[in-house]
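J.: Here's a structure for you.
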Amino acid sequence: MQGEDQKRYTMIAWVEDKPGVLNRVSGLFGRRNFNIESLTVGKTEKPGVSRMTFVVRGNKRDIQQVRMQLYKLINVLEIQDVTSDPRVEYEMALIRVKAESHNRGEIMQLVDIYRANIVDVDLDSVIIRIVAREDRVNALLRLLNQFGIKEMVRTGRVAMVRGSAISQEKMEMVPVGNGQTG
């Protein structure tokens with residue numbers, strides 16, 4: 001990836017739910033020397049279609065090139081750059097924090113302030129779940145770090161454009177299983 005005007009792009013790809021599709025898409029990014037900062041994949045409301053949300057850093061030209069290359073991949077049905085669109089986006093994190101009797105109350109207060117949840121309690125730790133925007137997850141992590149984070153996993157960003165379900169309209173036009181190349 002070349003260029004000075006690098007920024008984070010959030011893109012969504014709808015793909016046929018078939019073996020090897022994730023490998024082909026992520027391989028394309030690797031061949032183009034893009035680091036995928038975040039990648040989530042899951043089923044959609046349409047049987048046989050999965051939705052990939054990925055965050056990459058680049059400039060506008062880089063992203064256009066990758067988008068054109070993605071369309072050439074078999075099993076890729078639609079691609080949308082939602083970086084500039086009004087959108088709802090979240091990620092989830094599970095965080096195992098060292099928690100002893102003298103600091104559990106303070107941890108519980110932080111969890112409450114950040115609208116997170118304690119989902120598991122052990123003698124010397126708790127597992128916290130937070131579903132929020134990336135900056136809010138990062139802020140909670142900075143505060144929990146003082147107690148000792150023992151383990152953490154994050155899902156990566158999921159995003160949906162606000163408003164009139166433009167994505168749904170596009171997907172209704174795409175037949176599944178047609179071997180479309182874009």
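Going by the structure tokens order, chains are called A, B, ..., each with residues numbered from 1, while ligands are numbered from 1 in the order shown.
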Return as a Markdown table the residues of range 92-160 of chain A lying at most 12 Å from range 9-22 of chain A, together with the closest atom-to-atom pair for each and the distance in Å to one decimal, counting only C-alpha atoms, with rows in chain order and ascending residue number.
T.:
| residue | atom | partner | partner_atom | distance |
| --- | --- | --- | --- | --- |
| A:Gly156 | CA | A:Thr10 | CA | 11.1 |
| A:Arg157 | CA | A:Thr10 | CA | 8.5 |
| A:Val158 | CA | A:Ile12 | CA | 8.9 |
| A:Ala159 | CA | A:Ile12 | CA | 8.0 |
| A:Met160 | CA | A:Ile12 | CA | 8.8 |
J.: Could you save the residues just selected, with N, CA and C atoms, as a PDB file, in the first residue's frame?
T.:
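Final file, selection-v7.pdb:
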ATOM      1  N   GLY A 156     -13.953  -7.444  16.437  1.00  0.00           N
ATOM      2  CA  GLY A 156     -13.754  -6.598  15.267  1.00  0.00           C
ATOM      3  C   GLY A 156     -15.056  -5.882  14.973  1.00  0.00           C
ATOM      4  N   ARG A 157     -14.968  -4.910  14.110  1.00  0.00           N
ATOM      5  CA  ARG A 157     -16.091  -4.022  13.826  1.00  0.00           C
ATOM      6  C   ARG A 157     -17.159  -4.700  12.976  1.00  0.00           C
ATOM      7  N   VAL A 158     -18.403  -4.469  13.343  1.00  0.00           N
ATOM      8  CA  VAL A 158     -19.539  -4.760  12.465  1.00  0.00           C
ATOM      9  C   VAL A 158     -20.225  -3.429  12.224  1.00  0.00           C
ATOM     10  N   ALA A 159     -20.743  -3.241  11.016  1.00  0.00           N
ATOM     11  CA  ALA A 159     -21.328  -1.952  10.667  1.00  0.00           C
ATOM     12  C   ALA A 159     -22.544  -2.152   9.793  1.00  0.00           C
ATOM     13  N   MET A 160     -23.476  -1.226   9.918  1.00  0.00           N
ATOM     14  CA  MET A 160     -24.671  -1.219   9.082  1.00  0.00           C
ATOM     15  C   MET A 160     -25.002   0.241   8.785  1.00  0.00           C
TER      16      MET A 160
END
J.: Can you list, as an NGL selection string, every protein, DNA or RNA residue that comes within 7 Å of Arg162 in chain A when you count only C-alpha atoms, leaving out same-chain residues fewer than 6 positions away?
T.: :A and (86-88)
J.: Step one, run DSSP on the backbone; step two, keep only residues of chain A assigned to helix (DSSP H, G or I); then write them as an NGL selection string.
T.: :A and (21-31 or 60-72 or 104-113 or 134-144 or 166-172)
J.: Could you find all residues in chain A that DSSP calls strand (DSSP E) from the backbone, and write them as a PyMOL selection string?
T.: chain A and resi 7-16+36-43+49-58+76-81+87-98+117-121+125-132+149-154+158-161
J.: Return the single residue from A:Gln69, A:Gln6, A:Asp62, A:Arg154 that is closest to Ser26 in chain A, with distances computed using only C-alpha atoms.
T.: A:Gln69
J.: Nearest to Gly42 in chain A: which of A:Val97, A:Ile79, A:Thr155, A:Ser84 is it, counting only C-alpha atoms?
T.: A:Thr155
